[in-house]
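Text of the file start_6.cif, holding mmCIF, C-alpha atoms:
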data_input
loop_
_atom_site.label_atom_id
_atom_site.label_comp_id
_atom_site.auth_asym_id
_atom_site.auth_seq_id
_atom_site.Cartn_x
_atom_site.Cartn_y
_atom_site.Cartn_z
CA MET K 1 43.11 112.84 147.35
CA LEU K 2 46.91 113.17 147.49
CA GLU K 3 47.04 114.47 143.93
CA LEU K 4 44.50 117.14 144.85
CA ALA K 5 46.57 118.21 147.84
CA ILE K 6 49.77 118.40 145.77
CA GLY K 7 47.90 120.29 143.07
CA ILE K 8 46.66 122.79 145.63
CA ILE K 9 50.24 123.22 146.89
CA LEU K 10 51.64 123.84 143.40
CA GLY K 11 48.80 126.20 142.47
CA GLY K 12 49.16 128.07 145.74
CA CYS K 13 52.87 128.51 145.20
CA ALA K 14 52.37 129.78 141.66
CA LEU K 15 49.60 132.16 142.75
CA GLY K 16 51.75 133.40 145.61
CA ALA K 17 54.66 134.07 143.27
CA GLY K 18 52.37 135.99 140.94
CA CYS K 19 50.93 138.04 143.78
CA ALA K 20 54.40 138.78 145.10
CA MET K 21 55.40 140.26 141.79
CA ILE K 22 52.63 142.87 142.07
CA ALA K 23 55.37 144.68 143.99
CA GLY K 24 56.94 145.35 140.60
CA ILE K 25 54.48 148.22 140.16
CA GLY K 26 56.08 150.35 142.84
CA PRO K 27 59.67 150.38 141.58
CA GLY K 28 58.36 150.87 138.05
CA ILE K 29 56.54 154.07 138.98
CA GLY K 30 59.40 155.23 141.18
CA GLU K 31 62.11 154.69 138.61
CA GLY K 32 59.94 156.27 135.94
CA ASN K 33 59.64 159.38 138.09
CA ALA K 34 63.36 159.41 138.74
CA VAL K 35 64.24 159.13 135.06
CA ALA K 36 61.68 161.78 134.10
CA LYS K 37 63.17 164.23 136.58
CA ALA K 38 66.67 163.38 135.43
CA CYS K 39 65.66 164.09 131.82
CA GLU K 40 64.22 167.42 132.90
CA ALA K 41 67.38 168.27 134.78
CA ILE K 42 69.59 167.40 131.80
CA GLY K 43 67.34 169.43 129.54
CA ARG K 44 67.69 172.42 131.82
CA GLN K 45 71.42 172.01 132.43
CA PRO K 46 73.02 169.88 129.72
CA GLU K 47 76.49 170.37 131.21
CA SER K 48 75.53 168.46 134.36
CA GLN K 49 74.69 165.31 132.43
CA GLY K 50 77.41 163.11 133.97
CA ALA K 51 76.58 163.83 137.57
CA VAL K 52 72.83 163.58 136.97
CA THR K 53 73.17 160.23 135.19
CA THR K 54 75.30 158.74 137.94
CA THR K 55 72.96 159.92 140.67
CA MET K 56 69.94 158.69 138.73
CA LEU K 57 71.43 155.21 138.27
CA MET K 58 72.18 155.04 141.99
CA GLY K 59 68.68 156.16 142.89
CA CYS K 60 67.15 153.69 140.46
CA ALA K 61 69.19 150.88 141.98
CA ILE K 62 68.00 151.76 145.45
CA ALA K 63 64.39 152.19 144.35
CA GLU K 64 64.61 148.78 142.74
CA THR K 65 65.29 147.07 146.08
CA THR K 66 61.67 146.49 147.06
CA GLY K 67 60.96 144.98 143.67
CA LEU K 68 63.95 142.70 144.07
CA TYR K 69 62.74 141.56 147.50
CA ALA K 70 59.51 140.53 145.81
CA LEU K 71 61.46 138.85 143.02
CA VAL K 72 63.48 136.81 145.51
CA ILE K 73 60.29 135.75 147.28
CA ALA K 74 58.74 134.78 143.94
CA ILE K 75 61.82 132.77 142.93
CA LEU K 76 61.82 130.98 146.27
CA LEU K 77 58.12 130.22 145.89
CA ILE K 78 58.55 128.81 142.41
CA PHE K 79 61.78 126.84 142.75
CA LEU K 80 62.07 125.89 146.42
CA ALA K 81 58.73 126.05 148.18
CA PRO K 82 56.76 123.35 146.27
CA GLY K 83 59.30 120.64 147.03
CA ARG K 84 59.46 121.59 150.68
CA PHE K 85 55.68 121.73 151.14
CA VAL K 86 55.15 118.43 149.33
CA ASN K 87 57.81 116.86 151.54
CA ILE K 88 56.06 118.14 154.64
CA LEU K 89 52.74 116.79 153.34
CA LEU K 90 54.18 113.37 152.57
CA ARG K 91 55.86 113.19 155.97
CA SER K 92 52.66 114.10 157.79
CA ILE K 93 50.67 111.29 156.16
CA MET P 94 115.11 154.24 134.49
CA GLU P 95 116.59 153.90 131.06
CA ASN P 96 116.66 150.15 130.83
CA ASN P 97 113.66 149.30 128.66
CA GLY P 98 113.00 151.70 125.87
CA GLN P 99 113.41 149.84 122.61
CA LYS P 100 115.18 146.69 123.68
CA LYS P 101 113.51 144.38 126.14
CA ASP P 102 115.50 141.40 127.20
CA ARG P 103 114.17 137.89 126.79
CA ARG P 104 113.55 137.33 130.47
CA PHE P 105 111.15 140.25 130.57
CA ILE P 106 109.19 138.91 127.61
CA ILE P 107 109.00 135.39 129.04
CA ILE P 108 107.70 136.64 132.38
CA ASP P 109 105.25 138.81 130.48
CA ARG P 110 103.89 135.83 128.57
CA LEU P 111 103.68 133.86 131.82
CA TYR P 112 101.54 136.54 133.45
CA LEU P 113 99.27 136.66 130.43
CA VAL P 114 98.87 132.88 130.50
CA MET P 115 98.15 133.15 134.21
CA ALA P 116 95.34 135.57 133.46
CA ILE P 117 93.75 133.48 130.72
CA LEU P 118 94.39 129.95 131.96
CA PRO P 119 91.86 129.98 134.85
CA LEU P 120 89.01 130.77 132.45
CA ILE P 121 90.02 127.91 130.15
CA VAL P 122 90.29 125.61 133.16
CA GLY P 123 86.80 126.66 134.17
CA MET P 124 85.44 125.84 130.72
CA VAL P 125 87.17 122.45 130.72
CA ILE P 126 85.78 121.62 134.17
CA LYS P 127 82.33 122.68 133.04
CA VAL P 128 82.48 120.54 129.91
CA LEU P 129 83.77 117.52 131.83
CA VAL P 130 81.35 117.73 134.74
CA THR P 131 78.07 118.87 133.23
CA PRO P 132 75.91 115.88 132.30
CA ALA P 133 74.21 115.87 128.93
CA SER P 134 70.65 117.09 129.27
CA GLU P 135 67.65 117.62 127.08
CA GLY P 136 66.93 121.23 126.22
CA ILE P 137 67.50 124.25 128.41
CA GLU P 138 66.85 124.21 132.12
CA ILE P 139 67.29 126.47 135.08
CA THR P 140 69.62 125.00 137.65
CA GLY P 141 71.39 126.41 140.64
CA ALA P 142 75.10 126.01 141.19
CA ARG P 143 76.19 122.43 140.58
CA ILE P 144 77.92 120.69 143.50
CA TYR P 145 81.25 119.26 142.33
CA PHE P 146 82.10 117.30 145.46
CA THR P 147 81.62 117.49 149.20
CA ILE P 148 84.29 117.48 151.87
CA PRO P 149 83.22 115.68 155.03
CA MET P 150 83.42 117.94 158.07
CA PRO P 151 82.64 117.21 161.72
CA LEU P 152 79.55 119.43 161.96
CA GLN P 153 78.25 119.57 158.42
CA ASP P 154 79.59 118.47 155.05
CA LEU P 155 81.26 121.24 153.07
CA PRO P 156 80.04 121.25 149.48
CA ILE P 157 82.41 122.64 146.85
CA THR P 158 80.06 124.21 144.33
CA GLU P 159 80.41 125.63 140.87
CA SER P 160 80.14 129.18 142.18
CA GLN P 161 82.98 128.73 144.64
CA VAL P 162 85.26 127.27 142.01
CA ASN P 163 84.34 129.93 139.48
CA SER P 164 84.85 132.81 141.88
CA TRP P 165 88.32 131.47 142.73
CA LEU P 166 89.07 131.25 139.02
CA VAL P 167 87.94 134.85 138.59
CA MET P 168 90.18 135.91 141.46
CA LEU P 169 93.15 134.15 139.84
CA THR P 170 92.34 135.88 136.55
CA ILE P 171 92.27 139.28 138.20
CA PHE P 172 95.53 138.49 139.98
CA GLY P 173 97.18 137.55 136.70
CA LEU P 174 95.78 140.62 134.95
CA CYS P 175 97.08 142.88 137.71
CA LEU P 176 100.54 141.33 137.50
CA TRP P 177 100.52 141.67 133.72
CA LEU P 178 99.31 145.28 133.78
CA THR P 179 101.85 146.40 136.36
CA HIS P 180 104.79 144.50 134.89
CA GLY P 181 107.61 146.75 133.76
CA LEU P 182 106.26 150.07 134.99
CA THR P 183 108.42 153.08 134.20
CA GLU P 184 108.47 156.54 135.66
CA ARG P 185 107.06 158.06 132.48
CA ALA P 186 104.34 156.03 130.83
CA GLU P 187 105.76 154.42 127.69
CA THR P 188 103.48 151.48 127.01
CA LYS P 189 99.74 151.35 126.39
CA ARG P 190 99.51 148.90 129.25
CA GLN P 191 100.83 151.40 131.73
CA LEU P 192 98.45 154.05 130.43
CA VAL P 193 95.54 151.67 130.97
CA CYS P 194 96.48 150.89 134.53
CA GLU P 195 97.17 154.54 135.32
CA PHE P 196 93.73 155.34 133.92
CA ILE P 197 92.13 152.72 136.16
CA VAL P 198 93.92 153.96 139.27
CA GLU P 199 93.14 157.59 138.52
CA LYS P 200 89.47 156.89 137.87
CA THR P 201 89.14 154.89 141.10
CA ASP P 202 90.85 157.58 143.13
CA GLY P 203 88.68 160.23 141.54
CA LEU P 204 85.53 158.25 142.33
CA ILE P 205 86.62 157.85 145.94
CA ALA P 206 87.57 161.50 146.28
CA SER P 207 84.21 162.64 144.95
CA ASN P 208 82.12 160.19 146.99
CA MET P 209 83.97 159.68 150.26
CA GLY P 210 86.11 162.79 150.56
CA GLU P 211 89.88 162.73 150.43
CA LYS P 212 90.43 163.54 154.08
CA TYR P 213 90.02 160.11 155.65
CA PHE P 214 89.43 157.67 152.83
CA SER P 215 92.16 158.35 150.30
CA HIS P 216 93.66 154.90 150.96
CA PHE P 217 90.46 153.11 149.96
CA GLY P 218 91.35 152.69 146.30
CA PRO P 219 92.56 149.07 146.29
CA PHE P 220 89.54 147.78 148.18
CA ILE P 221 86.99 149.54 146.01
CA ALA P 222 88.77 148.57 142.80
CA ALA P 223 88.98 144.97 144.01
CA VAL P 224 85.26 144.83 144.81
CA MET P 225 84.36 146.41 141.50
CA SER P 226 86.61 144.25 139.33
CA LEU P 227 85.65 141.05 141.13
CA SER P 228 81.96 141.78 140.75
CA ALA P 229 82.24 142.90 137.14
CA LEU P 230 84.35 139.96 136.03
CA SER P 231 82.18 137.50 137.93
CA SER P 232 79.15 138.79 136.06
CA LEU P 233 80.93 138.91 132.71
CA ILE P 234 82.17 135.33 133.03
CA THR P 235 78.75 134.21 131.79
CA LEU P 236 79.75 135.46 128.33
CA ILE P 237 82.08 132.49 127.89
CA GLY P 238 79.45 130.07 129.12
CA LEU P 239 80.49 129.64 132.73
CA TYR P 240 78.14 129.77 135.67
CA THR P 241 78.06 133.27 137.14
CA PRO P 242 79.13 133.27 140.79
CA THR P 243 77.10 136.41 141.43
CA SER P 244 73.83 134.63 140.65
CA ASP P 245 74.48 132.52 143.74
CA MET P 246 73.17 134.13 146.90
CA ASN P 247 76.01 132.82 149.06
CA VAL P 248 78.81 134.52 147.14
CA VAL P 249 77.20 137.95 147.15
CA ALA P 250 76.10 137.54 150.75
CA GLY P 251 79.74 136.91 151.63
CA TRP P 252 80.78 140.18 149.98
CA ALA P 253 77.95 141.99 151.77
CA VAL P 254 79.14 140.61 155.12
CA VAL P 255 82.66 141.87 154.38
CA VAL P 256 81.27 145.32 153.63
CA PHE P 257 79.12 145.19 156.76
CA VAL P 258 82.18 144.40 158.90
CA LEU P 259 83.96 147.36 157.31
CA ILE P 260 81.01 149.68 157.99
CA THR P 261 80.80 148.52 161.60
CA TYR P 262 84.56 149.00 162.03
CA TYR P 263 84.32 152.59 160.85
CA LYS P 264 81.27 153.23 163.04
CA ASN P 265 83.25 151.93 166.01
CA LYS P 266 86.09 154.39 165.47
CA CYS P 267 84.92 156.63 168.30
CA GLY P 268 84.52 153.76 170.74
CA PHE P 269 81.89 151.12 171.34
CA VAL P 270 79.73 153.33 173.59
CA HIS P 271 79.50 155.95 170.87
CA TYR P 272 78.50 153.21 168.43
CA LEU P 273 75.71 152.00 170.72
CA LYS P 274 74.57 155.57 171.32
CA SER P 275 74.21 156.19 167.61
CA PHE P 276 71.39 153.65 167.50
CA ALA P 277 69.37 155.48 170.16
CA ASN P 278 69.59 158.85 168.50
CA PRO P 279 65.90 159.46 168.88
CA ALA P 280 65.41 156.95 171.71
CA LEU P 281 62.00 155.88 170.44
CA LEU P 282 63.34 154.69 167.10
CA THR P 283 65.98 152.31 168.47
CA PRO P 284 64.39 149.08 167.17
CA LEU P 285 63.92 150.62 163.74
CA ASN P 286 67.55 151.73 163.66
CA VAL P 287 68.70 148.23 164.59
CA ILE P 288 66.53 146.73 161.85
CA SER P 289 67.82 149.16 159.25
CA GLU P 290 71.39 148.35 160.30
CA ILE P 291 70.74 144.66 159.64
CA ALA P 292 68.88 145.45 156.44
CA THR P 293 71.96 147.07 154.91
CA PRO P 294 73.90 143.89 154.06
CA VAL P 295 70.69 142.00 153.29
CA SER P 296 69.57 144.58 150.76
CA MET P 297 73.04 144.82 149.21
CA ALA P 298 73.20 141.06 148.74
CA PHE P 299 69.64 140.80 147.43
CA ARG P 300 70.09 143.69 145.02
CA HIS P 301 73.13 142.27 143.30
CA TYR P 302 72.00 138.67 143.33
CA GLY P 303 68.43 139.44 142.33
CA ASN P 304 69.46 141.53 139.34
CA ILE P 305 71.87 138.96 137.94
CA LEU P 306 69.66 135.97 138.66
CA SER P 307 66.53 137.59 137.22
CA GLY P 308 68.48 138.41 134.07
CA SER P 309 69.65 134.85 133.62
CA VAL P 310 66.21 133.41 134.38
CA ILE P 311 64.55 135.69 131.83
CA SER P 312 67.22 134.84 129.23
CA VAL P 313 66.71 131.11 129.80
CA LEU P 314 62.92 131.44 129.62
CA VAL P 315 63.07 133.39 126.36
CA ALA P 316 65.58 130.96 124.86
CA SER P 317 63.53 127.91 125.75
CA ALA P 318 60.32 129.56 124.51
CA LEU P 319 62.00 130.35 121.19
CA GLN P 320 63.25 126.77 120.97
CA GLY P 321 59.74 125.43 121.46
CA LEU P 322 58.31 127.91 118.98
CA SER P 323 60.84 127.06 116.28
CA LYS P 324 60.24 123.35 116.86
CA MET P 325 56.52 123.99 116.37
CA LEU P 326 56.84 126.25 113.32
CA LEU P 327 59.87 124.78 111.51
CA GLY P 328 59.71 121.18 112.70
CA TRP P 329 58.42 120.01 109.31
CA LEU P 330 61.74 120.76 107.60
CA PRO P 331 63.52 117.58 106.54
CA GLY P 332 66.37 115.99 108.45
CA VAL P 333 68.74 118.04 110.59
CA LEU P 334 67.21 121.30 109.44
CA GLY P 335 64.12 120.59 111.50
CA ASP P 336 66.16 120.24 114.69
CA ILE P 337 68.01 123.54 114.39
CA PRO P 338 66.22 126.23 116.41
CA PHE P 339 66.41 129.03 113.83
CA LEU P 340 64.29 131.43 115.87
CA GLN P 341 66.91 131.43 118.63
CA ILE P 342 69.17 133.54 116.43
CA GLY P 343 69.09 137.19 117.36
CA LEU P 344 66.77 137.95 120.26
CA PRO P 345 68.68 136.08 123.01
CA ALA P 346 71.85 137.87 121.96
CA ILE P 347 70.21 141.28 122.31
CA LEU P 348 68.81 140.29 125.70
CA SER P 349 72.28 139.12 126.68
CA ILE P 350 73.76 142.53 125.88
CA TYR P 351 71.38 144.09 128.36
CA PHE P 352 71.26 141.45 131.07
CA ASP P 353 74.85 140.22 131.02
CA LEU P 354 76.90 143.20 129.91
CA PHE P 355 74.96 146.27 131.01
CA SER P 356 73.30 144.88 134.11
CA GLY P 357 76.43 143.10 135.31
CA LEU P 358 78.63 146.16 134.98
CA LEU P 359 75.97 148.43 136.46
CA GLN P 360 75.53 146.18 139.48
CA ALA P 361 79.30 146.08 140.02
CA PHE P 362 79.39 149.87 139.94
CA ILE P 363 76.42 150.15 142.28
CA PHE P 364 77.85 147.64 144.75
CA ALA P 365 81.11 149.58 144.95
CA MET P 366 79.27 152.90 145.12
CA LEU P 367 77.03 151.75 147.96
CA THR P 368 80.07 150.42 149.82
CA MET P 369 81.69 153.82 149.56
CA LEU P 370 78.55 155.68 150.59
CA TYR P 371 77.76 153.44 153.56
CA VAL P 372 81.34 153.49 154.87
CA SER P 373 81.77 157.22 154.51
CA SER P 374 78.37 158.05 155.97
CA GLY P 375 78.85 155.58 158.83
CA PHE P 376 82.11 157.19 159.92
CA PRO P 377 81.38 159.89 162.54
CA ALA P 378 83.85 162.46 161.21
CA ASP P 379 82.95 165.37 163.52
CA ASP P 380 83.09 163.32 166.72
CA TRP P 381 86.31 161.68 165.55
CA GLU P 382 87.89 165.10 165.08
CA LYS P 383 86.75 166.23 168.52
CA LEU P 384 88.14 163.05 170.04
CA GLN P 385 91.46 163.54 168.31
CA ALA P 386 91.66 167.14 169.52
CA LYS P 387 90.84 166.04 173.08
CA ARG P 388 93.50 163.32 172.97
CA LEU P 389 96.06 165.77 171.67
CA ALA P 390 95.23 168.24 174.43
CA ALA P 391 95.51 165.49 177.06
CA LYS P 392 98.89 164.48 175.67
CA LYS P 393 100.12 168.07 175.79
CA VAL P 394 98.99 168.41 179.42
CA LYS P 395 100.80 165.19 180.31
CA THR P 396 104.05 166.22 178.69
CA ALA P 397 103.87 169.72 180.16
#

Once more with this new file: its structure as structure tokens, please.
Amino acid sequence: MLELAIGIILGGCALGAGCAMIAGIGPGIGEGNAVAKACEAIGRQPESQGAVTTTMLMGCAIAETTGLYALVIAILLIFLAPGRFVNILLRSI
Amino acid sequence: MENNGQKKDRRFIIIDRLYLVMAILPLIVGMVIKVLVTPASEGIEITGARIYFTIPMPLQDLPITESQVNSWLVMLTIFGLCLWLTHGLTERAETKRQLVCEFIVEKTDGLIASNMGEKYFSHFGPFIAAVMSLSALSSLITLIGLYTPTSDMNVVAGWAVVVFVLITYYKNKCGFVHYLKSFANPALLTPLNVISEIATPVSMAFRHYGNILSGSVISVLVASALQGLSKMLLGWLPGVLGDIPFLQIGLPAILSIYFDLFSGLLQAFIFAMLTMLYVSSGFPADDWEKLQAKRLAAKKVKTA
């Protein structure tokens, strides 16, 4: 019975980490849009390449934030959460 | 300033060598500590920062971790590099070294002038350059096999707290009441404004740490997968040949160029850039000018 409970905990943590990383879709689309527009802008005005590139990198970094929140949650779920939950389970028995 | 054109006296050269040793020695010390402390382990594994020893404290034990030690070593390296670069400056640049450090200073000042405006923030160069070089070198230290301090949440969170204190200081320039008022700009959105104020350091810390850590995790996963694959495919080779993971040649190095070099430098740049943007946008320049004008007028009235 205990093995089943621990298995459920591990599986739940892994599933949760996977679900959390669905958030990677958003930054992907957003950064893709940003880069596409930056390419257009450079194509239209090649002399503004430096400024456009810098601004684009900044924007990409900020758009990435939500994805990184999800990544941190996923890392916590994989590396930290199973041990904690198993400890709580063992203590409650 | 005619003293050192062709002939440099011996004292100058000895001090020069000393500074250079001071810049390189911390990294070697870090490698030695790592070799001595790390226990032998099977294969590749993902670990957090290793705890070297703990100092007993009244409330809670203070652990001295790998990331703390490494970030102090990086700071010493930067200190030594700065001393070496600025040693023997002359009025007209004569050495390559002086050209390099003039280039760095000019670039930093230019970045600050274009992002923060020269009017109030022209003295910000040292801080921004320090943040950028510390972050960049901390990320690049992984190239010589040391644990990256920036892939530890605590280190980056500390930097983010420093930046947050700086932002709050500049927001408080017009007085505490003005600072509190700025939260209730549309009165309905006060809780949201408070949350977004707290989210600033959190997002800065998470951004830097998440990028570096995800890079190292992906590198480790790819490396261990390639090790397993080469053991499976080439394990039949006789003797030592079967143990050498041939498939690990190549791909991890290319990944390392992206994750360690590019991503580390980019995150350093972005951290410094966000610091500049947050500080300069948090400073209420118009109200500060009005306040200064009012103070000046009051002073004039008093003296007259």

Between P:Ile139, P:Lys393, P:Phe196, P:Pro151, which is the closest to P:Ser307 once you count all atoms listed in the file?
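When distances to P:Ser307 are compared using all atoms listed in the file, the smallest one comes from P:Ile139.
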
List every residue of chain P that has an atom at most 12 Å from any atom of chain K, and for each one report the closest atom pair and its distance in Å to one decimal, counting all atoms listed in the file, with rows sorted by chain and then by increasing residue number, as a Markdown table.
| residue | atom | partner | partner_atom | distance |
| --- | --- | --- | --- | --- |
| P:Ile139 | CA | K:Phe79 | CA | 9.5 |
| P:Thr140 | CA | K:Phe79 | CA | 9.5 |
| P:Gly141 | CA | K:Phe79 | CA | 9.8 |
| P:Leu204 | CA | K:Thr54 | CA | 11.1 |
| P:Ser207 | CA | K:Ala51 | CA | 10.7 |
| P:Asn208 | CA | K:Thr55 | CA | 11.1 |
| P:Ser244 | CA | K:Val72 | CA | 11.6 |
| P:Asp245 | CA | K:Val72 | CA | 11.9 |
| P:Met246 | CA | K:Val72 | CA | 10.1 |
| P:Ala292 | CA | K:Thr65 | CA | 11.1 |
| P:Thr293 | CA | K:Thr65 | CA | 11.1 |
| P:Val295 | CA | K:Tyr69 | CA | 9.8 |
| P:Ser296 | CA | K:Thr65 | CA | 6.8 |
| P:Met297 | CA | K:Thr65 | CA | 8.7 |
| P:Ala298 | CA | K:Thr65 | CA | 10.3 |
| P:Phe299 | CA | K:Leu68 | CA | 6.9 |
| P:Arg300 | CA | K:Thr65 | CA | 6.0 |
| P:His301 | CA | K:Leu68 | CA | 9.2 |
| P:Tyr302 | CA | K:Val72 | CA | 9.0 |
| P:Gly303 | CA | K:Leu68 | CA | 5.8 |
| P:Asn304 | CA | K:Leu68 | CA | 7.4 |
| P:Ile305 | CA | K:Leu68 | CA | 10.7 |
| P:Leu306 | CA | K:Val72 | CA | 9.3 |
| P:Ser307 | CA | K:Leu71 | CA | 7.8 |
| P:Gly308 | CA | K:Leu71 | CA | 11.4 |
| P:Val310 | CA | K:Ile75 | CA | 9.6 |
| P:Ile311 | CA | K:Ile75 | CA | 11.8 |
| P:Ser356 | CA | K:Ala61 | CA | 10.7 |
| P:Leu359 | CA | K:Leu57 | CA | 8.4 |
| P:Gln360 | CA | K:Ala61 | CA | 8.3 |
| P:Ala361 | CA | K:Ala61 | CA | 11.4 |
| P:Phe362 | CA | K:Met58 | CA | 9.1 |
| P:Ile363 | CA | K:Met58 | CA | 6.5 |
| P:Phe364 | CA | K:Ala61 | CA | 9.7 |
| P:Ala365 | CA | K:Met58 | CA | 10.9 |
| P:Met366 | CA | K:Met58 | CA | 8.0 |
| P:Leu367 | CA | K:Met58 | CA | 8.4 |
| P:Leu370 | CA | K:Met58 | CA | 10.7 |

Residue by residue, what does the PyMOL selection byres ((chain P and resi 116) around 6) grab here? Present the result as an MDAnalysis selection string.
chainID P and resid 113:115 117:118 170 173:174

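For the file shown, the residue list from the PyMOL selection byres ((chain K and resi 31-45) around 8) reads Pro27, Gly28, Ile29, Gly30, Pro46, Glu47, Ser48, Gln49, Val52, Thr53, Met56, Gly59, Cys60, Ala63 and Glu64 of chain K.
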
For this structure, which residues satisfy the selection - the PyMOL selection byres ((chain K and resi 83-93) around 9) - when it is evaluated on the file as given? I want them as a PyMOL selection string.
chain K and resi 2+5-6+9-10+79-82
